[in-house]
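Following: one structure in structure tokens, then a few remarks.
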Amino acid sequence: MFKLGIIGSDNTHADAFAKLLNFPDEKTGEFLFPDFKVTSIFGLDKKRTEEVATNGKIDTIVEKPEDMMGKVDAVMVVFRHGDLHMKYALPFIEAGVTTWIDKPFTVKREDALTIFKAAQKHNTLISGGSSLKHVYDVHMIKSAVENGSRIGKVKTAVINYSASLTSEYAGLFFYGPHLSEMTLKAFGYDAKSVFARENNGCITAILQYDKYQITMNFLPESWQSLAILYGDKGVMVREIDITGCYKLEFDRFAELMRTKKPVETYDELYAPVDLLNCIMESLETKKEVEIKGLKI
């Protein structure tokens, strides 16, 4: 049995993962991950932490995250604000404890680099990011891009998801990672540059690749996500259904835990952080910004 600790109780993701692992499936009565259980939780708000622990059948609330050391096999860092992720993840990474970090992986590029260097030094497995990059429709879009399908070679595309510059949790870095990660997963991690503009709270970012350009629309309070792919033989319109995203995401983390092999590269974890920072720079400078990628 793999014992997991959740760090951060403010996010609804804490509830979602606790219920996913600690409760049987409503349809089958069987546990989806019988070899995993959330056994400990830490949060900054006592009342909220107690609520998550009660509702998620989590046995132990710890006063300090380090109280989990030696009692869990892995931790999931799920604070809403990405600026908290490096601070709370690093002690576990340095102790060799497998660590999953929620979206945004980090807000600052340098925080991500610190995590990668620590993981390399201590030979610690890490994973994380947005759950939406794992959903079926994103992989279908990726397949259309790579294999052509009936629309032929993709020339350009449009994709959207909800996000806001005014979120108290680092603005665009709160929900923006969902769109950035879906886009990169579907169209590739080798984007060259981005140009972004804002109008009435909506952000349009044009992501340039060698083969095509992708228009990303970050739309406040717009929960319906859609991708339109324009190929040289036709057009593909696909709504992105995010149902079951937590289960799909944990499938990958469970694979990492069971095999002790990475399921994502550092480049894949870093790229969404880098892209959002480039988008913010483009908004501020009103210029196209080169995406330089990971260098460690």
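Residue numbering restarts at 1 in every chain; chains get A, B, ... in the order shown in the structure tokens, and ligands count up from 1 in that same order.
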*Test item, alpha helix (DSSP H) assignment across stretch 141-245 of chain A, answer as a ChimeraX atom specification*: /A:141-147,172-187,245
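Residue neighbourhood of stretch 13-16 of chain A, excluding near-sequence residues (fewer than 6 positions): Ile6, Ile7, Val38, Ile41, Gly43, Thr49, Glu51, Val52, Ala53, Thr54, Asn55, Gly56, Lys57, Met76, Val77, Val78, Phe79, Arg80, Asp102, Tyr246 and Lys247 of chain A, at 10 Å, using only C-alpha atoms.
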*Neighbours of stretch 59-64 of chain A within 7 Å (only C-alpha atoms; same-chain residues fewer than 5 positions away dropped), as a PyMOL selection string?*
chain A and resi 39-42
*asked:* What's around stretch 158-165 of chain A at 6 Å? Count only C-alpha atoms, leave out sequence neighbours fewer than 6 positions away in its own chain, and write the answer as number ranges by chain.
replied: A: 171-172, 175-176, 179, 214-223, 225-228
Write a file of the selected residues as an mmCIF file, in the first residue's frame, keeping N, CA and C atoms.
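Okay, this is what ended up in again_21.cif:
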data_model
loop_
_atom_site.group_PDB
_atom_site.id
_atom_site.type_symbol
_atom_site.label_atom_id
_atom_site.label_comp_id
_atom_site.auth_asym_id
_atom_site.auth_seq_id
_atom_site.Cartn_x
_atom_site.Cartn_y
_atom_site.Cartn_z
ATOM 1 N N GLY A 171 -2.956 35.655 -10.667
ATOM 2 C CA GLY A 171 -3.529 36.049 -11.944
ATOM 3 C C GLY A 171 -3.634 34.917 -12.946
ATOM 4 N N LEU A 172 -3.012 35.094 -14.099
ATOM 5 C CA LEU A 172 -3.101 34.125 -15.188
ATOM 6 C C LEU A 172 -2.533 32.764 -14.811
ATOM 7 N N TYR A 175 -5.588 29.630 -13.467
ATOM 8 C CA TYR A 175 -6.246 28.744 -14.429
ATOM 9 C C TYR A 175 -5.517 28.674 -15.765
ATOM 10 N N GLY A 176 -4.650 29.641 -16.040
ATOM 11 C CA GLY A 176 -3.929 29.657 -17.304
ATOM 12 C C GLY A 176 -3.147 28.395 -17.613
ATOM 13 N N LEU A 179 -4.878 25.803 -20.045
ATOM 14 C CA LEU A 179 -4.814 26.042 -21.485
ATOM 15 C C LEU A 179 -3.400 25.871 -22.017
ATOM 16 N N ILE A 214 -0.670 28.677 -33.414
ATOM 17 C CA ILE A 214 -1.834 28.296 -32.630
ATOM 18 C C ILE A 214 -2.330 29.517 -31.863
ATOM 19 N N THR A 215 -3.612 29.805 -31.973
ATOM 20 C CA THR A 215 -4.210 30.918 -31.238
ATOM 21 C C THR A 215 -4.829 30.402 -29.948
ATOM 22 N N MET A 216 -4.331 30.901 -28.820
ATOM 23 C CA MET A 216 -4.832 30.514 -27.508
ATOM 24 C C MET A 216 -5.704 31.650 -26.964
ATOM 25 N N ASN A 217 -6.924 31.325 -26.568
ATOM 26 C CA ASN A 217 -7.827 32.322 -25.992
ATOM 27 C C ASN A 217 -8.090 32.018 -24.520
ATOM 28 N N PHE A 218 -7.577 32.879 -23.651
ATOM 29 C CA PHE A 218 -7.811 32.785 -22.204
ATOM 30 C C PHE A 218 -9.027 33.655 -21.895
ATOM 31 N N LEU A 219 -10.136 33.032 -21.518
ATOM 32 C CA LEU A 219 -11.409 33.738 -21.388
ATOM 33 C C LEU A 219 -11.945 33.641 -19.958
ATOM 34 N N PRO A 220 -12.119 34.749 -19.257
ATOM 35 C CA PRO A 220 -12.631 34.702 -17.882
ATOM 36 C C PRO A 220 -14.004 34.029 -17.804
ATOM 37 N N GLU A 221 -14.130 33.103 -16.872
ATOM 38 C CA GLU A 221 -15.404 32.439 -16.584
ATOM 39 C C GLU A 221 -16.018 31.765 -17.803
ATOM 40 N N SER A 222 -15.207 31.243 -18.698
ATOM 41 C CA SER A 222 -15.708 30.515 -19.859
ATOM 42 C C SER A 222 -15.268 29.070 -19.731
ATOM 43 N N TRP A 223 -16.174 28.209 -19.262
ATOM 44 C CA TRP A 223 -15.784 26.858 -18.886
ATOM 45 C C TRP A 223 -15.930 25.845 -20.018
ATOM 46 N N SER A 225 -14.603 24.412 -23.333
ATOM 47 C CA SER A 225 -13.346 24.460 -24.068
ATOM 48 C C SER A 225 -13.517 23.795 -25.426
ATOM 49 N N LEU A 226 -12.958 24.442 -26.449
ATOM 50 C CA LEU A 226 -13.145 23.993 -27.818
ATOM 51 C C LEU A 226 -11.842 24.157 -28.587
ATOM 52 N N ALA A 227 -11.542 23.220 -29.473
ATOM 53 C CA ALA A 227 -10.394 23.354 -30.372
ATOM 54 C C ALA A 227 -10.883 23.265 -31.810
ATOM 55 N N ILE A 228 -10.379 24.146 -32.655
ATOM 56 C CA ILE A 228 -10.683 24.125 -34.085
ATOM 57 C C ILE A 228 -9.357 24.008 -34.829
#
*asked:* Could you check the closest approach to A:Lys19 for each of A:Lys185, A:Lys117, A:Lys3, A:Lys37 and tell me which residue wins, using only C-alpha atoms?
replied: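 Of the candidates, the smallest distance to A:Lys19 is held by A:Lys37.
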_Going by DSSP on the backbone, which residues of stretch 183-273 of chain A come out as strand (DSSP E or B)? List them as an MDAnalysis selection string._
chainID A and resid 193:199 202:208 213:219 226:231 235:239
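The space separating atom CA of A:Glu239 from atom CA of A:Ser282 comes to 28.2 Å.
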_Test item: residues at most 10 Å from A:Ser131, only C-alpha atoms, excluding those fewer than 5 positions along its chain, as a VMD selection string_ = chain A and resid 102 to 103 177 to 178 181 to 182 242 244 to 250
_Top pick for closest residue to A:Met1, considering A:Lys211, A:Lys142, A:Arg258, A:Lys133 and counting only C-alpha atoms_ =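 Residue with the minimum atom-to-atom distance to A:Met1: A:Arg258.
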*Tell me which protein, DNA and RNA residues are within 12 Å of stretch 189-200 of chain A, counting only C-alpha atoms, leaving out same-chain ones fewer than 5 positions away, and put them as an MDAnalysis selection string.*
chainID A and resid 142 164:166 172 180:184 205:220 265:294
_My list of candidates is A:Val154, A:Phe174, A:Ile203, A:Gly129. Which is closest to A:Arg252 when distances are computed with only C-alpha atoms?_
A:Gly129
